[in-house]
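Q: After the structure tokens below, expect a handful of questions from me.
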Amino acid sequence: MGVKKTDGSAEIPADWLAEFEAARRRPLKLRWKYAFIRTYKPVLDDARYRSFDTTEEYRKWCEDNLPNWLGYGRV
Amino acid sequence: MAAFEYRQAEEIRDALARHGVRYLFIGKSGAILLGYPDTTQDADLFVEKNPENGRALVSALLELGFRLTSTQRQEIVRGKDFVQLKDGPFDLDLVFAPDGIEHFEDAYQKHLSIEGFPVCHIDDIIASKVASNRAKDRESLPRLKAFRDYWMQQQRGRR
């Protein structure tokens, strides 16, 4: 079971709703602590600085250089 | 590098405010500030693109401990569309032209302040992720959109 949206068009799945409710009860500082994790992302984390003239150039760089499984490629 | 701590987020907020930088949290870090429960490892800042704002941002970044060469400082002042910083106390993406948002001012008009953190409206965060059309965003969008509906209900309940 979920909760109907106000326009009645769909429901928020019950497990997501429970997560949203639980998050709402937490203070921001604790939400932040739970949210920010450190994982190594190959290639992406291997340079200390990168810049791109355009966002399109950045997206293209991600597609050409990052492993597909990281999910940075466009669909 | 350790995970990005809340204390560091406060330092960003306070340093950028001291220097008068016009910016908004966007992306997943923005959604998390709004209450979205998920994980990430860096913060994305949507920065207004103009030289004065860029100079203020560089000053704030140096104060926060980011090591920037003269060329890098110039690129930030110039407002290259996307700058990735991984040579400071935490990882930061500076986004001067996010997908799906035409003008900074439009997003600024709709922004929210969460404990002093300026954050894009959830609709702009979603618009940006939809427009970027990345595989990882496609996977996370249904849950983020569900959160948007939940969040909007909460906002209406507060009025």
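Each chain in the structure tokens gets a letter, A, B, ..., in the order shown, and its residues are numbered from 1; ligands are numbered from 1 in order too.
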For chain B, report every residue with an atom at most 6 Å from chain A (counting only C-alpha atoms), formatted as a PyMOL selection string.
A: chain B and resi 3-4+6+37-41+80-87+133-136+146
Q: Can you list, as JSON, numbers by chain, every residue of chain B that DSSP puts in strand (DSSP E)?
A: {"B": [23, 24, 25, 26, 43, 44, 45, 46, 47, 82, 83, 84, 85, 92, 93, 94, 95, 112, 113, 114, 117, 118, 119]}
Q: Filtering to C-alpha atoms, could you give me those residues as a PDB file, in the first residue's frame?
A:
ATOM      1  CA  TYR B  23      24.723  30.239  -5.681  1.00  0.00           C
ATOM      2  CA  LEU B  24      22.321  27.405  -4.985  1.00  0.00           C
ATOM      3  CA  PHE B  25      22.761  23.787  -3.976  1.00  0.00           C
ATOM      4  CA  ILE B  26      21.544  21.632  -6.846  1.00  0.00           C
ATOM      5  CA  ALA B  43      28.072  18.755  -3.410  1.00  0.00           C
ATOM      6  CA  ASP B  44      26.960  20.494  -6.586  1.00  0.00           C
ATOM      7  CA  LEU B  45      26.744  24.263  -6.503  1.00  0.00           C
ATOM      8  CA  PHE B  46      24.863  26.162  -9.213  1.00  0.00           C
ATOM      9  CA  VAL B  47      26.761  29.452  -9.332  1.00  0.00           C
ATOM     10  CA  PHE B  82      31.505  22.983 -15.305  1.00  0.00           C
ATOM     11  CA  VAL B  83      34.387  22.907 -12.830  1.00  0.00           C
ATOM     12  CA  GLN B  84      35.238  19.889 -10.711  1.00  0.00           C
ATOM     13  CA  LEU B  85      37.295  20.500  -7.557  1.00  0.00           C
ATOM     14  CA  LEU B  92      32.818  20.213  -5.020  1.00  0.00           C
ATOM     15  CA  ASP B  93      31.289  20.544  -8.476  1.00  0.00           C
ATOM     16  CA  LEU B  94      30.741  24.114  -9.652  1.00  0.00           C
ATOM     17  CA  VAL B  95      27.974  24.171 -12.206  1.00  0.00           C
ATOM     18  CA  LEU B 112      14.454  27.794  -0.617  1.00  0.00           C
ATOM     19  CA  SER B 113      16.628  28.446   2.382  1.00  0.00           C
ATOM     20  CA  ILE B 114      17.123  25.378   4.546  1.00  0.00           C
ATOM     21  CA  PHE B 117      21.602  26.788   2.859  1.00  0.00           C
ATOM     22  CA  PRO B 118      20.262  28.202  -0.423  1.00  0.00           C
ATOM     23  CA  VAL B 119      18.725  25.300  -2.341  1.00  0.00           C
TER      24      VAL B 119
END
Q: Write down as a PyMOL selection string the residues belonging to chain A that are assigned alpha helix (DSSP H) by DSSP computed on the backbone.
A: chain A and resi 14-25+28-35+55-65
Q: Work out how far CA of Arg22 in chain B is from CA of Gln109 in chain B, in Å to one decimal.
A: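 Between CA of Gln109 in chain B and CA of Arg22 in chain B the gap is 12.0 Å.
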Q: In Å, how far is it from CA of Leu66 in chain A to CA of Lys129 in chain B?
A: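 Going from CA of Leu66 in chain A over to CA of Lys129 in chain B, I get 18.5 Å.
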Q: With only C-alpha atoms as the counted atoms, please give the residues lying no more than 7 Å from Gly100 in chain B, apart from itself and same-chain residues fewer than 4 positions off, as JSON, numbers by chain.
A: {"B": [127, 128, 131]}
